[in-house]
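**Student:** Data: query.txt, compact mmCIF, C-alpha atoms.
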```
# COMPACT_ATOMS: atom_id res chain seq x y z
CA MET A 1 0.00 0.00 0.00
CA LYS A 2 1.71 3.19 -1.22
CA THR A 3 1.02 6.29 0.87
CA ASP A 4 3.86 8.71 0.07
CA SER A 5 2.19 10.39 -2.93
CA LEU A 6 -0.94 11.53 -1.10
CA PRO A 7 -1.51 15.18 -0.20
CA PRO A 8 -1.71 15.97 3.54
CA ARG A 9 -5.17 15.46 5.00
CA GLU A 10 -6.98 18.38 6.59
CA ALA A 11 -8.19 17.99 10.14
CA SER A 12 -11.08 15.57 10.13
CA PRO A 13 -14.37 16.65 11.65
CA ARG A 14 -15.86 14.46 14.33
CA GLU A 15 -19.45 14.08 15.36
CA ASP A 16 -19.19 13.71 19.11
CA THR A 17 -21.83 11.72 20.90
CA ALA A 18 -22.22 10.59 24.47
CA ASP A 19 -20.36 7.42 23.49
CA GLY A 20 -17.37 9.18 21.94
CA PRO A 21 -16.52 10.37 18.44
CA PHE A 22 -18.89 8.07 16.53
CA PRO A 23 -20.14 8.23 13.94
CA TYR A 24 -16.97 9.77 12.52
CA ARG A 25 -17.12 11.47 9.13
CA THR A 26 -14.47 12.86 6.86
CA ASP A 27 -13.78 13.30 3.18
CA ILE A 28 -11.36 10.98 1.36
CA SER A 29 -11.91 12.46 -2.10
CA ALA A 30 -8.16 13.25 -2.43
CA GLU A 31 -7.39 9.54 -2.16
CA MET A 32 -10.27 8.72 -4.50
CA ARG A 33 -8.90 11.09 -7.16
CA THR A 34 -5.54 9.31 -7.06
CA GLY A 35 -7.16 5.86 -7.20
CA GLN A 36 -6.18 5.04 -3.62
CA THR A 37 -9.51 4.75 -1.83
CA SER A 38 -8.33 1.74 0.18
CA VAL A 39 -5.33 3.75 1.41
CA GLY A 40 -7.71 6.50 2.53
CA VAL A 41 -9.69 3.93 4.53
CA VAL A 42 -6.59 2.72 6.37
CA LEU A 43 -5.13 6.20 6.98
CA THR A 44 -8.39 7.66 8.25
CA LEU A 45 -9.15 4.80 10.63
CA ALA A 46 -5.53 4.76 11.86
CA GLU A 47 -5.78 8.50 12.51
CA LEU A 48 -9.01 8.10 14.46
CA LEU A 49 -7.60 5.23 16.52
CA GLU A 50 -4.27 7.04 16.98
CA ARG A 51 -2.30 4.12 15.55
CA PRO A 52 0.39 4.07 12.90
CA PRO A 53 -1.07 2.95 9.55
CA GLU A 54 1.29 -0.02 9.41
CA ALA A 55 -0.26 -1.32 12.67
CA MET A 56 -3.67 -1.58 11.00
CA PRO A 57 -4.88 -4.92 9.64
CA SER A 58 -4.63 -5.40 5.91
CA PRO A 59 -7.82 -4.14 4.23
CA GLN A 60 -7.26 -6.85 1.61
CA SER A 61 -8.54 -9.34 4.21
CA VAL A 62 -12.06 -7.84 3.97
CA VAL A 63 -12.30 -6.26 0.52
CA ASP A 64 -10.67 -6.45 -2.91
CA CYS A 65 -8.65 -3.23 -2.66
CA ASP A 66 -7.95 -3.04 -6.40
CA ALA A 67 -11.67 -3.26 -7.17
CA LEU A 68 -12.52 -0.68 -4.48
CA ASP A 69 -9.86 1.70 -5.78
CA LYS A 70 -11.02 1.32 -9.38
CA LEU A 71 -14.71 1.67 -8.52
CA PHE A 72 -14.31 4.97 -6.73
CA HIS A 73 -11.53 6.31 -8.95
CA PHE A 74 -13.80 5.84 -11.97
CA GLN A 75 -16.78 7.30 -10.13
CA HIS A 76 -14.83 10.29 -8.87
CA THR A 77 -13.00 11.26 -12.06
CA ASP A 78 -16.15 12.08 -14.02
CA ASN A 79 -16.56 15.20 -11.81
CA SER A 80 -20.07 14.35 -10.68
CA PRO A 81 -21.04 12.95 -7.29
CA THR A 82 -22.64 9.55 -7.46
CA ASP A 83 -24.95 7.61 -5.21
CA THR A 84 -22.53 4.66 -5.15
CA ALA A 85 -21.80 3.48 -1.61
CA VAL A 86 -19.91 0.53 -0.18
CA THR A 87 -19.97 -0.58 3.46
CA ILE A 88 -17.37 -2.96 4.83
CA SER A 89 -16.44 -4.26 8.26
CA TYR A 90 -12.84 -3.32 8.95
CA ALA A 91 -10.82 -3.47 12.16
CA GLY A 92 -14.01 -3.87 14.21
CA TYR A 93 -15.80 -0.89 12.65
CA SER A 94 -18.48 -0.41 10.03
CA VAL A 95 -16.94 1.72 7.27
CA THR A 96 -19.06 3.34 4.55
CA ILE A 97 -17.47 4.95 1.49
CA ARG A 98 -19.65 7.04 -0.81
CA GLY A 99 -19.04 8.16 -4.37
CA ASP A 100 -19.05 11.82 -3.33
CA GLY A 101 -15.97 11.29 -1.14
CA CYS A 102 -17.81 11.03 2.18
CA PHE A 103 -16.29 8.43 4.48
CA ARG A 104 -18.15 7.37 7.62
CA ILE A 105 -17.01 5.10 10.42
CA ARG A 106 -19.40 3.62 12.96
CA ASP A 107 -18.42 1.74 16.06
CA LYS A 108 -19.86 -1.79 15.79
CA ARG A 109 -20.29 -2.12 19.57
```
Take the structure in the file and write it out as structure tokens.
**Tutor:**
Amino acid sequence: MKTDSLPPREASPREDTADGPFPYRTDISAEMRTGQTSVGVVLTLAELLERPPEAMPSPQSVVDCDALDKLFHFQHTDNSPTDTAVTISYAGYSVTIRGDGCFRIRDKR
């Protein structure tokens, strides 16, 4: 998973609830534009959990990363938001990626 060519991420907004910062939303459209949606998933969840990205489980164990990257790269390069959405279980969280770049993490507990 190559991460050195990505632009720096802006501070991610959190939706605080009584149970902590879930659901958590951010925008991973920068990663989508470069065809690295799966990298955006790992980096964002690692950031939220305050872990180094290399300590995260491989996303390949739950989703075909090449297919995910191609799906959202294609959807995002036509310059129009889409209603495409994919939800996966990753590292104990429910992760939803939408064609407009919105990325949402929900605690599965």
**Student:** Within 9 Å of Pro57 (chain A), counting all atoms listed in the file, which residues qualify if same-chain residues fewer than 4 places away don't, as a PDB file with C-alpha atoms, in the coordinates of the input?
**Tutor:**
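Everything below was put into out_35.pdb:
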```pdb
ATOM      1  CA  VAL A  42      -6.590   2.720   6.370  1.00  0.00           C
ATOM      2  CA  PRO A  53      -1.070   2.950   9.550  1.00  0.00           C
ATOM      3  CA  SER A  61      -8.540  -9.340   4.210  1.00  0.00           C
ATOM      4  CA  TYR A  90     -12.840  -3.320   8.950  1.00  0.00           C
ATOM      5  CA  ALA A  91     -10.820  -3.470  12.160  1.00  0.00           C
TER       6      ALA A  91
END
```
**Student:** For a test of reading the model, state the distance in Å between CA of Asp100 (chain A) and CA of Ala55 (chain A), rounded to one decimal.
**Tutor:**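 Atom-to-atom, CA of Asp100 (chain A) to CA of Ala55 (chain A), that is 28.0 Å.
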**Student:** Could you work out how far CA of Lys108 (chain A) lies from CA of Thr84 (chain A), giving the answer in Å with one decimal?
**Tutor:**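 Taking CA of Thr84 (chain A) as the start and CA of Lys108 (chain A) as the end point, the length is 22.1 Å.
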**Student:** I'd like the interatomic distance between CA of Pro23 (chain A) and CA of Ile105 (chain A), to a tenth of an Å.
**Tutor:**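 Result for CA of Pro23 (chain A) versus CA of Ile105 (chain A): 5.7 Å, one decimal.
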**Student:** So, counting only C-alpha atoms, which residue among A:Arg104, A:Leu45, A:Ser38, A:Glu50 is closest to Gly92 (chain A)?
**Tutor:**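 Going through A:Arg104, A:Leu45, A:Ser38, A:Glu50 one by one, the smallest distance to Gly92 (chain A) is for A:Leu45.
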**Student:** Which is closer to Arg33 (chain A) than all the others in A:Val86, A:Val95, A:Leu71, A:Val63, using only C-alpha atoms?
**Tutor:**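 Nearest to Arg33 (chain A): A:Leu71.
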